[in-house]
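The file start31.pdb contains PDB, C-alpha atoms:
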```
ATOM      1  CA  MET G   1     -13.050 -16.241  16.427
ATOM      2  CA  THR G   2     -11.528 -13.212  18.153
ATOM      3  CA  ASP G   3     -10.111 -15.361  20.964
ATOM      4  CA  ILE G   4      -7.816 -17.342  18.634
ATOM      5  CA  GLN G   5      -4.208 -16.806  19.593
ATOM      6  CA  GLY G   6      -2.247 -15.017  16.898
ATOM      7  CA  LEU G   7      -5.106 -13.064  15.364
ATOM      8  CA  ASP G   8      -4.011  -9.429  15.195
ATOM      9  CA  PRO G   9      -6.593  -7.163  13.531
ATOM     10  CA  SER G  10      -4.299  -4.125  13.864
ATOM     11  CA  VAL G  11      -1.581  -5.323  11.460
ATOM     12  CA  PRO G  12      -1.836  -3.827   7.952
ATOM     13  CA  PRO G  13      -1.503  -5.979   4.817
ATOM     14  CA  SER G  14       1.961  -6.450   3.339
ATOM     15  CA  GLY G  15       0.911  -4.980  -0.011
ATOM     16  CA  SER G  16      -1.651  -4.998  -2.780
ATOM     17  CA  GLY G  17      -0.545  -8.328  -4.246
ATOM     18  CA  CYS G  18       1.240 -11.557  -3.357
ATOM     19  CA  VAL G  19       4.564 -10.364  -1.985
ATOM     20  CA  ASP G  20       6.278 -13.631  -2.903
ATOM     21  CA  CYS G  21       5.013 -13.605  -6.506
ATOM     22  CA  ASP G  22       5.965  -9.937  -6.812
ATOM     23  CA  ALA G  23       9.502 -10.767  -5.684
ATOM     24  CA  VAL G  24      10.003 -13.211  -8.572
ATOM     25  CA  GLY G  25       7.758 -11.711 -11.260
ATOM     26  CA  GLY G  26       5.028 -14.330 -10.816
ATOM     27  CA  TRP G  27       1.265 -14.054 -10.997
ATOM     28  CA  TRP G  28      -1.717 -15.192  -8.934
ATOM     29  CA  PHE G  29      -5.339 -16.186  -9.264
ATOM     30  CA  HIS G  30      -6.744 -14.925  -5.932
ATOM     31  CA  LEU G  31      -5.167 -13.416  -2.823
ATOM     32  CA  ARG G  32      -5.279 -14.315   0.879
ATOM     33  CA  ARG G  33      -4.157 -12.174   3.821
ATOM     34  CA  CYS G  34      -2.623 -13.608   6.997
ATOM     35  CA  ALA G  35      -4.719 -12.472   9.960
ATOM     36  CA  GLN G  36      -1.697 -12.539  12.258
ATOM     37  CA  CYS G  37       1.077 -10.714  10.388
ATOM     38  CA  GLY G  38      -0.607  -9.237   7.300
ATOM     39  CA  HIS G  39       1.352 -11.312   4.741
ATOM     40  CA  VAL G  40      -0.512 -11.275   1.424
ATOM     41  CA  GLY G  41      -0.069 -14.525  -0.481
ATOM     42  CA  CYS G  42      -1.676 -16.260  -3.428
ATOM     43  CA  CYS G  43      -4.360 -18.939  -3.097
ATOM     44  CA  ASP G  44      -3.990 -22.669  -3.666
ATOM     45  CA  SER G  45      -5.375 -22.377  -7.213
ATOM     46  CA  SER G  46      -2.446 -20.091  -8.053
ATOM     47  CA  PRO G  47       0.735 -21.628  -9.487
ATOM     48  CA  ALA G  48       2.853 -20.988  -6.362
ATOM     49  CA  LYS G  49       0.376 -21.399  -3.449
ATOM     50  CA  HIS G  50       2.202 -18.807  -1.330
ATOM     51  CA  ALA G  51      -0.547 -18.395   1.317
ATOM     52  CA  THR G  52      -0.281 -22.100   2.201
ATOM     53  CA  ALA G  53       3.517 -21.889   2.135
ATOM     54  CA  HIS G  54       3.341 -18.969   4.576
ATOM     55  CA  PHE G  55       1.201 -21.053   6.953
ATOM     56  CA  GLN G  56       3.635 -23.986   6.677
ATOM     57  CA  GLU G  57       6.637 -21.740   7.369
ATOM     58  CA  THR G  58       5.159 -19.649  10.181
ATOM     59  CA  GLY G  59       2.292 -21.644  11.694
ATOM     60  CA  HIS G  60      -0.033 -18.634  11.297
ATOM     61  CA  PRO G  61      -3.323 -20.502  10.772
ATOM     62  CA  LEU G  62      -5.842 -17.844   9.726
ATOM     63  CA  VAL G  63      -6.169 -16.096   6.384
ATOM     64  CA  GLN G  64      -8.872 -13.794   5.164
ATOM     65  CA  SER G  65      -9.816 -13.414   1.525
ATOM     66  CA  TYR G  66      -8.075 -10.367   0.070
ATOM     67  CA  GLU G  67     -10.571 -10.079  -2.785
ATOM     68  CA  PRO G  68     -12.965  -7.107  -3.107
ATOM     69  CA  GLY G  69     -16.332  -7.813  -1.478
ATOM     70  CA  GLU G  70     -15.195 -10.955   0.368
ATOM     71  CA  ASP G  71     -14.614 -11.134   4.135
ATOM     72  CA  TRP G  72     -14.488 -14.886   4.826
ATOM     73  CA  TYR G  73     -11.691 -16.542   6.788
ATOM     74  CA  TRP G  74      -9.990 -19.924   6.358
ATOM     75  CA  ASN G  75      -8.209 -21.768   9.156
ATOM     76  CA  PHE G  76      -5.409 -23.875   7.657
ATOM     77  CA  GLN G  77      -4.915 -25.751  10.934
ATOM     78  CA  THR G  78      -8.500 -26.925  11.394
ATOM     79  CA  LYS G  79      -9.557 -26.693   7.726
ATOM     80  CA  GLU G  80     -12.575 -24.614   8.741
ATOM     81  CA  MET G  81     -14.132 -21.748   6.823
ATOM     82  CA  PHE G  82     -15.794 -18.826   8.586
ATOM     83  CA  GLU G  83     -18.195 -16.629   6.624
ATOM     84  CA  SER G  84     -16.910 -13.556   8.456
ATOM     85  CA  GLY G  85     -14.786 -12.480  11.386
ATOM     86  CA  PRO G  86     -13.159  -9.455  12.925
ATOM     87  CA  ALA G  87     -12.411  -6.528  10.645
ATOM     88  CA  LEU G  88      -8.715  -6.173   9.862
ATOM     89  CA  THR G  89      -6.803  -2.936   9.345
ATOM     90  CA  PRO G  90      -7.624  -1.470   5.911
ATOM     91  CA  PRO G  91      -7.331  -1.988   3.104
ATOM     92  CA  ASP G  92      -9.414  -5.163   3.218
ATOM     93  CA  SER G  93      -8.690  -6.199  -0.375
ATOM     94  CA  HIS G  94      -6.416  -5.561  -3.298
ATOM     95  CA  PRO G  95      -7.366  -2.481  -5.360
ATOM     96  CA  ALA G  96     -10.662  -2.989  -7.188
ATOM     97  CA  ASP G  97      -9.027  -2.107 -10.504
ATOM     98  CA  GLN G  98      -6.406  -4.862 -10.092
ATOM     99  CA  PRO G  99      -7.549  -7.821 -12.186
ATOM    100  CA  ALA G 100      -7.954 -11.392 -10.976
ATOM    101  CA  PRO G 101      -5.929 -13.176 -12.057
ATOM    102  CA  GLY G 102      -3.268 -10.578 -11.655
ATOM    103  CA  PRO G 103      -1.333  -8.495 -11.744
ATOM    104  CA  ALA G 104      -1.945  -6.937 -15.135
ATOM    105  CA  GLY G 105       0.890  -7.612 -17.542
ATOM    106  CA  ARG G 106       2.192 -10.795 -15.845
ATOM    107  CA  VAL G 107      -0.681 -13.228 -16.407
ATOM    108  CA  PRO G 108       0.002 -15.663 -19.259
ATOM    109  CA  ALA G 109      -2.574 -15.934 -22.049
ATOM    110  CA  ASP G 110      -3.160 -19.599 -21.180
ATOM    111  CA  TRP G 111      -3.535 -18.917 -17.433
ATOM    112  CA  ALA G 112      -6.704 -21.027 -17.046
ATOM    113  CA  ARG G 113      -4.797 -24.193 -18.083
ATOM    114  CA  THR G 114      -2.189 -23.612 -15.393
ATOM    115  CA  LEU G 115      -4.516 -23.202 -12.402
ATOM    116  CA  ARG G 116      -4.016 -25.734  -9.643
ATOM    117  CA  GLY G 117      -7.063 -27.336  -8.130
TER     118      GLY G 117
END
```
Just dump the structure as structure tokens.
Amino acid sequence: MTDIQGLDPSVPPSGSGCVDCDAVGGWWFHLRRCAQCGHVGCCDSSPAKHATAHFQETGHPLVQSYEPGEDWYWNFQTKEMFESGPALTPPDSHPADQPAPGPAGRVPADWARTLRG
């Protein structure tokens, strides 16, 4: 997987949460990190699906899970999952004390009903 054009392991993540949700006061279920530019976006089960939107806007195909203890990659272009891949610049997940869904204080009480599948 290291020979895929656009993979840049040296780029740090854009933050500890979905930068697009943070900008509008939204919330997320799980986080994904772009392996090319470091953009942290929310997963497709989240209300806004910002990781997919980032791929559609930029063409950056690879994301890595940004959840503690997970190092799998997803290729939006080929719809392939990789159990692991090159290590990216730390941190490799959101802070362990940040809840999922998150962030704390912005998740609605009925969050499970609003998840997208």
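Across the model, the gap from CA of Phe76 (chain G) to CA of Val11 (chain G) is 19.3 Å.
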*So which residues get picked by the PyMOL selection byres ((chain G and resi 106) around 9) here, written as a list in words?*
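When the PyMOL selection byres ((chain G and resi 106) around 9) is applied to the shown file, the picked residues are Gly25, Gly26, Trp27, Gly102, Pro103, Ala104, Gly105, Val107 and Pro108 of chain G.
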*Nearby residues (only C-alpha atoms) at most 10 Å from Gly59 (chain G), same-chain spacing under 6 positions excluded, as a list in words*: Gly6, Gln36, Thr52, Ala53, Phe76 and Gln77 of chain G
*Using the chain letters and numbering of this document, enumerate as an MDAnalysis selection string the residues selected by the PyMOL selection byres ((chain G and resi 84) around 10).*
chainID G and resid 1 64:65 70:74 81:83 85:87
Residue subset to file, keeping C-alpha atoms, as a PDB file, in the frame of the given file:
```
ATOM      1  CA  MET G   1     -13.050 -16.241  16.427  1.00  0.00           C
ATOM      2  CA  GLN G  64      -8.872 -13.794   5.164  1.00  0.00           C
ATOM      3  CA  SER G  65      -9.816 -13.414   1.525  1.00  0.00           C
ATOM      4  CA  GLU G  70     -15.195 -10.955   0.368  1.00  0.00           C
ATOM      5  CA  ASP G  71     -14.614 -11.134   4.135  1.00  0.00           C
ATOM      6  CA  TRP G  72     -14.488 -14.886   4.826  1.00  0.00           C
ATOM      7  CA  TYR G  73     -11.691 -16.542   6.788  1.00  0.00           C
ATOM      8  CA  TRP G  74      -9.990 -19.924   6.358  1.00  0.00           C
ATOM      9  CA  MET G  81     -14.132 -21.748   6.823  1.00  0.00           C
ATOM     10  CA  PHE G  82     -15.794 -18.826   8.586  1.00  0.00           C
ATOM     11  CA  GLU G  83     -18.195 -16.629   6.624  1.00  0.00           C
ATOM     12  CA  GLY G  85     -14.786 -12.480  11.386  1.00  0.00           C
ATOM     13  CA  PRO G  86     -13.159  -9.455  12.925  1.00  0.00           C
ATOM     14  CA  ALA G  87     -12.411  -6.528  10.645  1.00  0.00           C
TER      15      ALA G  87
END
```
*asked:* Can you measure CA of Pro101 (chain G) to CA of Val63 (chain G) for me? One decimal in Å is fine.
replied: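 Those two atoms sit 18.7 Å apart.
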